[in-house]
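K.L.:
Provided herewith: start.cif, mmCIF, C-alpha atoms and all ligand atoms.
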data_work
#
loop_
_atom_site.group_PDB
_atom_site.id
_atom_site.type_symbol
_atom_site.label_atom_id
_atom_site.label_comp_id
_atom_site.auth_asym_id
_atom_site.auth_seq_id
_atom_site.Cartn_x
_atom_site.Cartn_y
_atom_site.Cartn_z
ATOM 1 C CA MET A 1 -30.807 -41.918 7.528
ATOM 2 C CA ILE A 2 -28.224 -40.186 9.757
ATOM 3 C CA PRO A 3 -29.909 -37.738 12.164
ATOM 4 C CA VAL A 4 -29.164 -34.174 10.956
ATOM 5 C CA LEU A 5 -27.613 -33.073 14.243
ATOM 6 C CA ILE A 6 -25.103 -35.906 14.309
ATOM 7 C CA ALA A 7 -24.231 -35.342 10.658
ATOM 8 C CA GLU A 8 -23.504 -31.654 11.306
ATOM 9 C CA VAL A 9 -21.197 -32.277 14.252
ATOM 10 C CA ILE A 10 -19.339 -35.027 12.508
ATOM 11 C CA SER A 11 -18.941 -33.330 9.162
ATOM 12 C CA GLU A 12 -16.549 -30.697 10.558
ATOM 13 C CA ASN A 13 -13.720 -33.188 10.058
ATOM 14 C CA MET A 14 -15.167 -36.155 8.312
ATOM 15 C CA GLU A 15 -17.664 -36.500 5.499
ATOM 16 C CA VAL A 16 -20.639 -38.737 6.151
ATOM 17 C CA ILE A 17 -22.029 -39.782 2.796
ATOM 18 C CA GLU A 18 -25.285 -41.620 2.181
ATOM 19 C CA THR A 19 -25.691 -41.767 -1.595
ATOM 20 C CA ILE A 20 -23.697 -43.534 -4.277
ATOM 21 C CA PRO A 21 -23.310 -40.465 -6.584
ATOM 22 C CA GLN A 22 -21.911 -38.406 -3.683
ATOM 23 C CA MET A 23 -19.552 -41.189 -2.709
ATOM 24 C CA VAL A 24 -18.354 -41.547 -6.303
ATOM 25 C CA ASP A 25 -17.749 -37.772 -6.426
ATOM 26 C CA TRP A 26 -15.764 -37.883 -3.192
ATOM 27 C CA THR A 27 -13.746 -40.821 -4.489
ATOM 28 C CA ARG A 28 -12.904 -39.031 -7.745
ATOM 29 C CA GLN A 29 -11.639 -35.942 -5.943
ATOM 30 C CA THR A 30 -9.740 -37.574 -3.126
ATOM 31 C CA PRO A 31 -5.934 -37.757 -3.193
ATOM 32 C CA ARG A 32 -4.364 -41.210 -3.488
ATOM 33 C CA SER A 33 -3.502 -43.666 -2.163
ATOM 34 C CA LEU A 34 -7.005 -44.398 -0.894
ATOM 35 C CA GLY A 35 -7.528 -47.007 1.825
ATOM 36 C CA LEU A 36 -10.924 -48.592 2.516
ATOM 37 C CA VAL A 37 -12.193 -50.429 5.584
ATOM 38 C CA PRO A 38 -15.583 -52.051 4.867
ATOM 39 C CA THR A 39 -17.598 -52.808 8.030
ATOM 40 C CA MET A 40 -21.083 -53.604 9.218
ATOM 41 C CA GLY A 41 -20.720 -51.132 12.094
ATOM 42 C CA ALA A 42 -21.014 -51.826 15.848
ATOM 43 C CA LEU A 43 -17.335 -50.969 15.776
ATOM 44 C CA HIS A 44 -14.905 -52.472 18.257
ATOM 45 C CA GLN A 45 -11.159 -52.579 18.775
ATOM 46 C CA GLY A 46 -10.805 -55.115 15.966
ATOM 47 C CA HIS A 47 -12.274 -52.674 13.430
ATOM 48 C CA LEU A 48 -10.242 -49.873 14.941
ATOM 49 C CA SER A 49 -7.011 -51.792 14.393
ATOM 50 C CA LEU A 50 -7.904 -52.007 10.670
ATOM 51 C CA VAL A 51 -8.750 -48.305 10.553
ATOM 52 C CA GLU A 52 -5.506 -47.342 12.290
ATOM 53 C CA LYS A 53 -3.416 -49.460 9.960
ATOM 54 C CA ALA A 54 -5.225 -48.090 6.920
ATOM 55 C CA ARG A 55 -4.794 -44.542 8.254
ATOM 56 C CA SER A 56 -1.063 -45.007 8.678
ATOM 57 C CA GLU A 57 -0.630 -46.445 5.172
ATOM 58 C CA ASN A 58 -2.757 -44.123 3.025
ATOM 59 C CA VAL A 59 -3.214 -40.485 2.127
ATOM 60 C CA SER A 60 -7.005 -40.832 2.208
ATOM 61 C CA LEU A 61 -9.199 -43.173 4.184
ATOM 62 C CA ALA A 62 -12.822 -44.224 3.738
ATOM 63 C CA VAL A 63 -14.838 -46.549 5.971
ATOM 64 C CA THR A 64 -18.189 -48.073 5.043
ATOM 65 C CA ILE A 65 -20.894 -48.977 7.511
ATOM 66 C CA PHE A 66 -23.569 -51.153 5.961
ATOM 67 C CA VAL A 67 -25.354 -54.101 7.524
ATOM 68 C CA ASN A 68 -25.593 -56.081 4.328
ATOM 69 C CA PRO A 69 -28.875 -58.016 4.278
ATOM 70 C CA THR A 70 -27.843 -60.352 1.464
ATOM 71 C CA GLN A 71 -25.188 -62.062 3.577
ATOM 72 C CA PHE A 72 -27.706 -63.067 6.270
ATOM 73 C CA SER A 73 -29.901 -66.118 5.843
ATOM 74 C CA GLU A 74 -33.522 -65.984 6.940
ATOM 75 C CA SER A 75 -32.767 -67.735 10.217
ATOM 76 C CA GLU A 76 -29.954 -65.309 11.055
ATOM 77 C CA ASP A 77 -29.828 -62.159 13.130
ATOM 78 C CA LEU A 78 -30.276 -59.381 10.536
ATOM 79 C CA SER A 79 -32.925 -57.468 12.490
ATOM 80 C CA SER A 80 -31.178 -57.811 15.845
ATOM 81 C CA TYR A 81 -27.626 -57.293 14.508
ATOM 82 C CA PRO A 82 -26.029 -54.657 16.778
ATOM 83 C CA ARG A 83 -26.217 -51.126 15.373
ATOM 84 C CA ASP A 84 -24.873 -47.944 16.962
ATOM 85 C CA ILE A 85 -24.242 -45.406 14.232
ATOM 86 C CA GLU A 86 -23.746 -42.487 16.608
ATOM 87 C CA ALA A 87 -20.966 -44.211 18.565
ATOM 88 C CA ASP A 88 -19.443 -45.560 15.342
ATOM 89 C CA LEU A 89 -19.184 -42.097 13.768
ATOM 90 C CA GLU A 90 -17.574 -40.704 16.909
ATOM 91 C CA ILE A 91 -14.962 -43.485 16.879
ATOM 92 C CA LEU A 92 -14.219 -42.893 13.199
ATOM 93 C CA LYS A 93 -13.957 -39.157 13.607
ATOM 94 C CA ASN A 94 -11.409 -39.635 16.392
ATOM 95 C CA ALA A 95 -9.494 -42.031 14.171
ATOM 96 C CA GLN A 96 -9.106 -39.287 11.496
ATOM 97 C CA VAL A 97 -11.194 -41.020 8.869
ATOM 98 C CA ASP A 98 -11.859 -38.789 5.851
ATOM 99 C CA ALA A 99 -15.181 -40.205 4.687
ATOM 100 C CA VAL A 100 -17.748 -42.669 5.969
ATOM 101 C CA PHE A 101 -20.190 -44.220 3.522
ATOM 102 C CA VAL A 102 -23.471 -45.165 5.231
ATOM 103 C CA PRO A 103 -25.944 -46.094 2.498
ATOM 104 C CA GLU A 104 -29.497 -47.264 3.112
ATOM 105 C CA VAL A 105 -30.407 -50.763 1.937
ATOM 106 C CA THR A 106 -32.476 -49.278 -0.914
ATOM 107 C CA GLU A 107 -29.432 -47.320 -2.101
ATOM 108 C CA MET A 108 -27.360 -50.480 -2.465
ATOM 109 C CA TYR A 109 -30.184 -52.784 -3.551
ATOM 110 C CA PRO A 110 -32.857 -50.707 -5.298
ATOM 111 C CA GLY A 111 -35.980 -52.400 -6.648
ATOM 112 C CA GLY A 112 -35.064 -54.644 -9.569
ATOM 113 C CA TYR A 113 -31.500 -55.193 -8.351
ATOM 114 C CA ASP A 114 -30.440 -58.612 -9.647
ATOM 115 C CA THR A 115 -26.693 -59.002 -10.191
ATOM 116 C CA TRP A 116 -24.738 -61.350 -7.935
ATOM 117 C CA VAL A 117 -21.142 -62.396 -7.489
ATOM 118 C CA ASP A 118 -21.213 -66.157 -7.081
ATOM 119 C CA VAL A 119 -17.901 -67.526 -5.875
ATOM 120 C CA GLY A 120 -17.245 -71.181 -6.724
ATOM 121 C CA ASP A 121 -16.166 -74.118 -4.564
ATOM 122 C CA ILE A 122 -14.564 -72.265 -1.670
ATOM 123 C CA ALA A 123 -17.794 -70.445 -0.865
ATOM 124 C CA GLY A 124 -19.578 -73.748 -0.238
ATOM 125 C CA LYS A 125 -17.045 -75.061 2.259
ATOM 126 C CA LEU A 126 -16.822 -74.517 6.036
ATOM 127 C CA GLU A 127 -19.093 -71.537 6.736
ATOM 128 C CA GLY A 128 -20.772 -72.124 3.373
ATOM 129 C CA GLU A 129 -22.113 -75.477 4.600
ATOM 130 C CA TRP A 130 -23.959 -73.682 7.389
ATOM 131 C CA ARG A 131 -24.733 -70.401 5.695
ATOM 132 C CA ALA A 132 -25.502 -71.233 2.076
ATOM 133 C CA GLU A 133 -25.850 -67.731 0.573
ATOM 134 C CA HIS A 134 -23.464 -65.964 2.916
ATOM 135 C CA PHE A 135 -20.430 -65.556 0.670
ATOM 136 C CA ARG A 136 -22.531 -64.653 -2.369
ATOM 137 C CA GLY A 137 -23.805 -61.726 -0.305
ATOM 138 C CA VAL A 138 -20.324 -60.799 0.952
ATOM 139 C CA ALA A 139 -18.736 -61.072 -2.510
ATOM 140 C CA THR A 140 -21.528 -59.024 -4.074
ATOM 141 C CA ILE A 141 -21.453 -56.180 -1.575
ATOM 142 C CA VAL A 142 -17.660 -55.968 -1.471
ATOM 143 C CA THR A 143 -17.501 -55.896 -5.276
ATOM 144 C CA LYS A 144 -20.106 -53.108 -5.305
ATOM 145 C CA LEU A 145 -18.224 -51.124 -2.652
ATOM 146 C CA PHE A 146 -14.982 -51.526 -4.592
ATOM 147 C CA GLY A 147 -16.799 -50.305 -7.733
ATOM 148 C CA ILE A 148 -18.126 -47.217 -5.983
ATOM 149 C CA ILE A 149 -15.026 -46.301 -3.965
ATOM 150 C CA ARG A 150 -12.213 -47.766 -6.100
ATOM 151 C CA PRO A 151 -9.748 -48.073 -3.238
ATOM 152 C CA ASP A 152 -6.075 -48.840 -3.758
ATOM 153 C CA PHE A 153 -5.983 -50.914 -0.569
ATOM 154 C CA ALA A 154 -8.792 -52.608 1.385
ATOM 155 C CA TYR A 155 -8.378 -53.885 4.927
ATOM 156 C CA PHE A 156 -9.995 -57.009 6.425
ATOM 157 C CA GLY A 157 -9.455 -59.028 9.590
ATOM 158 C CA GLN A 158 -8.009 -62.548 9.707
ATOM 159 C CA LYS A 159 -10.799 -63.389 12.182
ATOM 160 C CA ASP A 160 -13.081 -64.071 9.202
ATOM 161 C CA GLY A 161 -10.539 -66.424 7.685
ATOM 162 C CA GLN A 162 -12.702 -67.887 4.931
ATOM 163 C CA GLN A 163 -13.922 -64.425 3.961
ATOM 164 C CA THR A 164 -10.321 -63.380 3.286
ATOM 165 C CA VAL A 165 -9.829 -66.389 0.996
ATOM 166 C CA VAL A 166 -13.099 -65.691 -0.835
ATOM 167 C CA LEU A 167 -12.232 -62.017 -1.295
ATOM 168 C CA ASN A 168 -8.779 -62.874 -2.626
ATOM 169 C CA GLN A 169 -10.483 -65.105 -5.162
ATOM 170 C CA ILE A 170 -12.884 -62.402 -6.418
ATOM 171 C CA VAL A 171 -10.119 -59.797 -6.623
ATOM 172 C CA ARG A 172 -8.057 -62.251 -8.680
ATOM 173 C CA ASP A 173 -10.896 -63.577 -10.846
ATOM 174 C CA LEU A 174 -12.600 -60.244 -11.543
ATOM 175 C CA HIS A 175 -9.413 -58.141 -11.848
ATOM 176 C CA LEU A 176 -10.695 -55.690 -9.257
ATOM 177 C CA GLY A 177 -7.337 -53.929 -8.993
ATOM 178 C CA VAL A 178 -7.424 -53.597 -5.198
ATOM 179 C CA ASP A 179 -4.701 -54.840 -2.862
ATOM 180 C CA LEU A 180 -6.207 -56.688 0.095
ATOM 181 C CA VAL A 181 -4.470 -56.180 3.415
ATOM 182 C CA ILE A 182 -5.301 -58.909 5.931
ATOM 183 C CA CYS A 183 -4.724 -57.850 9.533
ATOM 184 C CA PRO A 184 -4.269 -59.961 12.660
ATOM 185 C CA THR A 185 -7.233 -60.974 14.811
ATOM 186 C CA ILE A 186 -7.662 -58.773 17.866
ATOM 187 C CA ARG A 187 -8.577 -60.656 21.041
ATOM 188 C CA ASP A 188 -9.781 -59.734 24.497
ATOM 189 C CA GLU A 189 -7.697 -60.537 27.577
ATOM 190 C CA ASN A 190 -9.102 -64.091 27.656
ATOM 191 C CA GLY A 191 -8.310 -64.745 24.017
ATOM 192 C CA LEU A 192 -11.831 -64.369 22.635
ATOM 193 C CA ALA A 193 -11.623 -62.912 19.122
ATOM 194 C CA LEU A 194 -13.401 -59.561 19.035
ATOM 195 C CA SER A 195 -16.644 -59.659 17.090
ATOM 196 C CA SER A 196 -19.766 -57.528 17.052
ATOM 197 C CA ARG A 197 -21.687 -60.706 17.859
ATOM 198 C CA ASN A 198 -19.859 -61.049 21.221
ATOM 199 C CA LYS A 199 -22.471 -58.545 22.411
ATOM 200 C CA TYR A 200 -24.954 -61.426 22.447
ATOM 201 C CA LEU A 201 -22.918 -63.158 25.205
ATOM 202 C CA THR A 202 -23.191 -62.439 28.900
ATOM 203 C CA LEU A 203 -20.011 -61.130 30.541
ATOM 204 C CA ALA A 204 -19.445 -64.516 32.183
ATOM 205 C CA GLN A 205 -19.840 -66.265 28.819
ATOM 206 C CA GLN A 206 -17.441 -63.791 27.221
ATOM 207 C CA SER A 207 -14.707 -64.594 29.686
ATOM 208 C CA ASP A 208 -15.297 -68.372 29.419
ATOM 209 C CA ALA A 209 -15.356 -68.164 25.623
ATOM 210 C CA GLY A 210 -11.565 -67.801 25.723
ATOM 211 C CA VAL A 211 -11.693 -71.609 25.509
ATOM 212 C CA ILE A 212 -12.210 -71.273 21.737
ATOM 213 C CA TYR A 213 -8.812 -69.669 21.233
ATOM 214 C CA ARG A 214 -7.202 -71.966 23.816
ATOM 215 C CA SER A 215 -8.399 -74.952 21.794
ATOM 216 C CA LEU A 216 -6.843 -73.510 18.630
ATOM 217 C CA VAL A 217 -3.589 -72.769 20.432
ATOM 218 C CA ALA A 218 -3.523 -76.361 21.758
ATOM 219 C CA GLY A 219 -3.923 -77.622 18.166
ATOM 220 C CA LYS A 220 -1.289 -75.246 16.839
ATOM 221 C CA THR A 221 1.158 -76.189 19.610
ATOM 222 C CA LYS A 222 0.783 -79.863 18.720
ATOM 223 C CA TRP A 223 1.560 -78.999 15.093
ATOM 224 C CA GLU A 224 4.557 -76.877 16.136
ATOM 225 C CA LYS A 225 5.897 -79.888 17.990
ATOM 226 C CA GLY A 226 5.907 -81.843 14.748
ATOM 227 C CA GLU A 227 2.437 -83.429 14.474
ATOM 228 C CA LYS A 228 1.389 -83.368 10.825
ATOM 229 C CA ARG A 229 -1.779 -85.495 10.957
ATOM 230 C CA ALA A 230 -4.783 -83.208 10.697
ATOM 231 C CA VAL A 231 -6.978 -85.697 12.514
ATOM 232 C CA VAL A 232 -4.749 -85.488 15.594
ATOM 233 C CA ILE A 233 -4.770 -81.695 15.490
ATOM 234 C CA ARG A 234 -8.571 -81.667 15.194
ATOM 235 C CA ASP A 235 -8.922 -84.146 18.078
ATOM 236 C CA THR A 236 -6.715 -81.930 20.237
ATOM 237 C CA VAL A 237 -8.924 -78.920 19.520
ATOM 238 C CA GLU A 238 -12.082 -80.920 20.160
ATOM 239 C CA ARG A 239 -10.841 -82.245 23.517
ATOM 240 C CA VAL A 240 -10.217 -78.717 24.801
ATOM 241 C CA LEU A 241 -13.607 -77.502 23.545
ATOM 242 C CA MET A 242 -15.410 -80.482 25.098
ATOM 243 C CA GLU A 243 -13.895 -79.725 28.511
ATOM 244 C CA SER A 244 -15.961 -76.558 28.616
ATOM 245 C CA ASP A 245 -19.640 -76.602 29.644
ATOM 246 C CA LEU A 246 -20.052 -73.397 27.724
ATOM 247 C CA ILE A 247 -19.836 -74.827 24.206
ATOM 248 C CA THR A 248 -23.200 -76.315 23.330
ATOM 249 C CA GLU A 249 -22.365 -77.363 19.781
ATOM 250 C CA ILE A 250 -19.296 -77.719 17.574
ATOM 251 C CA ASP A 251 -20.274 -77.063 13.948
ATOM 252 C CA TYR A 252 -16.842 -77.882 12.556
ATOM 253 C CA ILE A 253 -13.151 -78.145 13.308
ATOM 254 C CA SER A 254 -11.169 -77.869 10.106
ATOM 255 C CA VAL A 255 -7.600 -78.019 8.904
ATOM 256 C CA ALA A 256 -7.699 -76.730 5.328
ATOM 257 C CA ASP A 257 -5.194 -75.520 2.761
ATOM 258 C CA LEU A 258 -5.200 -71.794 2.122
ATOM 259 C CA ASP A 259 -5.809 -71.859 -1.637
ATOM 260 C CA GLY A 260 -8.885 -74.010 -2.070
ATOM 261 C CA LEU A 261 -9.867 -74.538 1.577
ATOM 262 C CA ASN A 262 -9.644 -78.278 0.964
ATOM 263 C CA GLU A 263 -9.359 -80.388 4.095
ATOM 264 C CA VAL A 264 -5.833 -81.746 4.381
ATOM 265 C CA ARG A 265 -4.881 -85.140 5.769
ATOM 266 C CA LEU A 266 -1.221 -84.392 6.332
ATOM 267 C CA ILE A 267 -0.170 -80.803 6.869
ATOM 268 C CA GLY A 268 2.529 -80.115 4.287
ATOM 269 C CA GLY A 269 2.191 -76.388 3.533
ATOM 270 C CA ASP A 270 0.407 -73.428 5.074
ATOM 271 C CA ALA A 271 -3.005 -74.312 6.458
ATOM 272 C CA MET A 272 -5.860 -72.715 8.370
ATOM 273 C CA LEU A 273 -7.036 -74.368 11.571
ATOM 274 C CA SER A 274 -10.558 -73.073 12.102
ATOM 275 C CA VAL A 275 -13.585 -73.737 14.251
ATOM 276 C CA ALA A 276 -17.233 -72.739 14.448
ATOM 277 C CA VAL A 277 -18.983 -73.349 17.749
ATOM 278 C CA ARG A 278 -22.207 -72.397 19.434
ATOM 279 C CA ILE A 279 -22.760 -70.981 22.841
ATOM 280 C CA GLY A 280 -26.521 -71.354 23.156
ATOM 281 C CA SER A 281 -27.897 -69.574 20.099
ATOM 282 C CA VAL A 282 -24.714 -67.555 19.497
ATOM 283 C CA ARG A 283 -22.470 -68.903 16.768
ATOM 284 C CA LEU A 284 -18.783 -67.945 16.922
ATOM 285 C CA ILE A 285 -15.910 -68.601 14.526
ATOM 286 C CA ASP A 286 -12.167 -68.325 14.984
ATOM 287 C CA ASN A 287 -8.987 -69.545 13.323
ATOM 288 C CA VAL A 288 -5.212 -69.642 13.461
ATOM 289 C CA ILE A 289 -2.842 -70.061 10.555
ATOM 290 C CA LEU A 290 -0.356 -72.918 10.603
ATOM 291 C CA SER A 291 2.452 -71.358 8.649
ATOM 292 C CA LEU A 292 6.144 -72.085 8.655
ATOM 293 C CA SER A 293 6.840 -68.464 7.777
ATOM 294 C CA THR A 294 5.159 -66.861 10.824
HETATM 295 O O1 LIG A 301 -16.584 -58.572 7.578
HETATM 296 C C1 LIG A 301 -17.623 -57.868 7.532
HETATM 297 O O2 LIG A 301 -17.923 -57.094 8.421
HETATM 298 C C2 LIG A 301 -18.536 -57.994 6.319
HETATM 299 O O3 LIG A 301 -18.625 -59.308 5.875
HETATM 300 C C3 LIG A 301 -18.148 -57.062 5.175
HETATM 301 C C4 LIG A 301 -16.789 -57.425 4.593
HETATM 302 C C5 LIG A 301 -18.128 -55.619 5.650
HETATM 303 C C6 LIG A 301 -19.169 -57.169 4.028
HETATM 304 O O4 LIG A 301 -20.452 -56.816 4.460
#
Write out the structure in this file as structure tokens.
P.N.:
Amino acid sequence: MIPVLIAEVISENMEVIETIPQMVDWTRQTPRSLGLVPTMGALHQGHLSLVEKARSENVSLAVTIFVNPTQFSESEDLSSYPRDIEADLEILKNAQVDAVFVPEVTEMYPGGYDTWVDVGDIAGKLEGEWRAEHFRGVATIVTKLFGIIRPDFAYFGQKDGQQTVVLNQIVRDLHLGVDLVICPTIRDENGLALSSRNKYLTLAQQSDAGVIYRSLVAGKTKWEKGEKRAVVIRDTVERVLMESDLITEIDYISVADLDGLNEVRLIGGDAMLSVAVRIGSVRLIDNVILSLST
């Protein structure tokens, strides 16, 4: 529940909506095109870049803030996931957002809720091997948000590379009628991809964590110089990661095609070079696209 005082201040310029019927009403009345930026809050510059792009491309703009429990496994950080609704609303107001949807968990998943969007093969790969139910939760909540808000365009970051592939698949398979706009990863000055989970790192770890991006750049540079063997690219990434004392575990280094996220042996077309690593108990992901057209 949004504290009344905050809601009053904010609502001068921006509607803060907590229930589905009110959000549906807003959606029906709002001029088009309508852009949507779905988030789990704890907003940072990465989210803001999506909001700014969406703002510049649409007549109306809605943002959702919902820490979606169904995309967390039991061992994950649902209860400690960073939340700062007051700061988030201030950021969104300054960014000229028209409406923010901030439902409670019981609004989105009332008692008896039991419909799920199960994406096939691609959801079980990469992140799916470590977080079994994750993409089912993401696909379900995004489909629900699209149903409630019916945006023309929805904005997501390339940082969550597999998520973008999964969402493209559900939009295609379920005819959701939304254009997905995938925006570049925003990084800090050391190259660390911005993520709400970076808050779990100490400042020293944050600056050393630039090694993740450096490892990807080393792999990409090798590929740009003509190396097509995925195994060599992966080894290059691994060597850079291993040089750092910071990385305690490498969950995967992958070179996969962009359609099915199948591991490739020889890089022929566009591919995603991605990693998941751990710094102590903090798990971080990042990726770069190997594309001849960029
Ligand atoms: O990328 C995220 O923050 C979440 O996975 C999303 C798309 C908002 C769904 O909860």
K.L.:
What does the PyMOL selection byres (((chain A and resi 70) around 12) and not hetatm) select in this file, as an mmCIF file with C-alpha atoms, in the frame of the given file?
P.N.:
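Ended up saving to selection-v6.cif:
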data_model
loop_
_atom_site.group_PDB
_atom_site.id
_atom_site.type_symbol
_atom_site.label_atom_id
_atom_site.label_comp_id
_atom_site.auth_asym_id
_atom_site.auth_seq_id
_atom_site.Cartn_x
_atom_site.Cartn_y
_atom_site.Cartn_z
ATOM 1 C CA PHE A 66 -23.569 -51.153 5.961
ATOM 2 C CA VAL A 67 -25.354 -54.101 7.524
ATOM 3 C CA ASN A 68 -25.593 -56.081 4.328
ATOM 4 C CA PRO A 69 -28.875 -58.016 4.278
ATOM 5 C CA GLN A 71 -25.188 -62.062 3.577
ATOM 6 C CA PHE A 72 -27.706 -63.067 6.270
ATOM 7 C CA SER A 73 -29.901 -66.118 5.843
ATOM 8 C CA GLU A 74 -33.522 -65.984 6.940
ATOM 9 C CA GLU A 76 -29.954 -65.309 11.055
ATOM 10 C CA ASP A 77 -29.828 -62.159 13.130
ATOM 11 C CA LEU A 78 -30.276 -59.381 10.536
ATOM 12 C CA VAL A 105 -30.407 -50.763 1.937
ATOM 13 C CA MET A 108 -27.360 -50.480 -2.465
ATOM 14 C CA TYR A 109 -30.184 -52.784 -3.551
ATOM 15 C CA TYR A 113 -31.500 -55.193 -8.351
ATOM 16 C CA ASP A 114 -30.440 -58.612 -9.647
ATOM 17 C CA THR A 115 -26.693 -59.002 -10.191
ATOM 18 C CA TRP A 116 -24.738 -61.350 -7.935
ATOM 19 C CA VAL A 117 -21.142 -62.396 -7.489
ATOM 20 C CA ARG A 131 -24.733 -70.401 5.695
ATOM 21 C CA ALA A 132 -25.502 -71.233 2.076
ATOM 22 C CA GLU A 133 -25.850 -67.731 0.573
ATOM 23 C CA HIS A 134 -23.464 -65.964 2.916
ATOM 24 C CA PHE A 135 -20.430 -65.556 0.670
ATOM 25 C CA ARG A 136 -22.531 -64.653 -2.369
ATOM 26 C CA GLY A 137 -23.805 -61.726 -0.305
ATOM 27 C CA VAL A 138 -20.324 -60.799 0.952
ATOM 28 C CA ALA A 139 -18.736 -61.072 -2.510
ATOM 29 C CA THR A 140 -21.528 -59.024 -4.074
ATOM 30 C CA ILE A 141 -21.453 -56.180 -1.575
ATOM 31 C CA VAL A 142 -17.660 -55.968 -1.471
#
K.L.:
Given the file above and the PyMOL selection byres (((chain A and resi 209) around 9) and not hetatm), which residues are selected, and can you give them as a list in words?
P.N.:
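Applying the PyMOL selection byres (((chain A and resi 209) around 9) and not hetatm) to the structure shown produces Asn190, Gly191, Leu192, Ala204, Gln205, Gln206, Ser207, Asp208, Gly210, Val211, Ile212, Tyr213, Ser244, Leu246, Ile247 and Ile279 of chain A.
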K.L.:
Please compute the atom CA of Pro184 of chain A-atom CA of Ser49 of chain A distance, one decimal, in Å.
P.N.:
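Between these atoms lies a distance of 8.8 Å.
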K.L.:
Report the residues retrieved by the PyMOL selection byres (((chain A and resi 232) around 12) and not hetatm) from the displayed file, expressed as a list in words.
P.N.:
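So the PyMOL selection byres (((chain A and resi 232) around 12) and not hetatm) ends up selecting Ala218, Gly219, Lys220, Thr221, Lys222, Trp223, Gly226, Glu227, Lys228, Arg229, Ala230, Val231, Ile233, Arg234, Asp235, Thr236, Val237, Glu238, Arg239, Ile253, Ser254, Val255, Val264, Arg265, Leu266 and Ile267 of chain A.
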K.L.:
Need to verify the contact set: Lys125 of chain A, 9 Å, all atoms listed in the file, exclusion of same-chain residues closer than 3 positions in sequence. Can you return it as a list in words?
P.N.:
Asp121, Ile122, Gly128, Glu129, Trp130, Gln162, Leu261 and Asn262 of chain A
K.L.:
Mind pulling up the distance from atom CA of Arg55 of chain A to atom CA of Gly35 of chain A?
P.N.:
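Taking atom CA of Gly35 of chain A and atom CA of Arg55 of chain A, their separation equals 7.4 Å.
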K.L.:
Please report the interatomic distance between atom CA of Phe101 of chain A and atom CA of Met23 of chain A in Å with one decimal.
P.N.:
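Answer for the atom CA of Phe101 of chain A to atom CA of Met23 of chain A separation: 7.0 Å.
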K.L.:
For ligand LIG 301 (chain A), which of A:Ile285, A:Val100, A:Met40, A:Leu203 is the closest residue, counting all atoms listed in the file?
P.N.:
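Answer, going by the shortest atom-to-atom distance: A:Met40.
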K.L.:
Within 12 Å of (2.2, -65.5, 8.8), in the coordinates the file gives, what residues turn up when you count only C-alpha atoms, written out as a JSON list (two decimals) with C-alpha atoms, in the frame of the given file?
P.N.:
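So the final result, stored in part11.json, reads:
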[["chain", "number", "residue", "atom", "x", "y", "z"],
["A", 158, "GLN", "CA", -8.01, -62.55, 9.71],
["A", 182, "ILE", "CA", -5.30, -58.91, 5.93],
["A", 183, "CYS", "CA", -4.72, -57.85, 9.53],
["A", 184, "PRO", "CA", -4.27, -59.96, 12.66],
["A", 258, "LEU", "CA", -5.20, -71.79, 2.12],
["A", 270, "ASP", "CA", 0.41, -73.43, 5.07],
["A", 271, "ALA", "CA", -3.00, -74.31, 6.46],
["A", 272, "MET", "CA", -5.86, -72.72, 8.37],
["A", 288, "VAL", "CA", -5.21, -69.64, 13.46],
["A", 289, "ILE", "CA", -2.84, -70.06, 10.56],
["A", 290, "LEU", "CA", -0.36, -72.92, 10.60],
["A", 291, "SER", "CA", 2.45, -71.36, 8.65],
["A", 292, "LEU", "CA", 6.14, -72.08, 8.65],
["A", 293, "SER", "CA", 6.84, -68.46, 7.78],
["A", 294, "THR", "CA", 5.16, -66.86, 10.82]]
K.L.:
Near Asp152 of chain A, within 7 Å and counting all atoms listed in the file, which residues show up once chain neighbours fewer than 2 positions away are dropped, as JSON, numbers by chain?
P.N.:
{"A": [33, 34, 35, 150, 154, 178, 179]}
K.L.:
From the options A:Gly157, A:Gly124, A:Pro110, A:Pro31, which residue's atoms come nearest to ligand LIG 301 (chain A), counting all atoms listed in the file?
P.N.:
A:Gly157
K.L.:
Which residue is closest to His44 of chain A? Choose from A:Thr143, A:Asn287, A:Ser215, A:Ser195 and count all atoms listed in the file.
P.N.:
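Of all the options, A:Ser195 lies closest to His44 of chain A.
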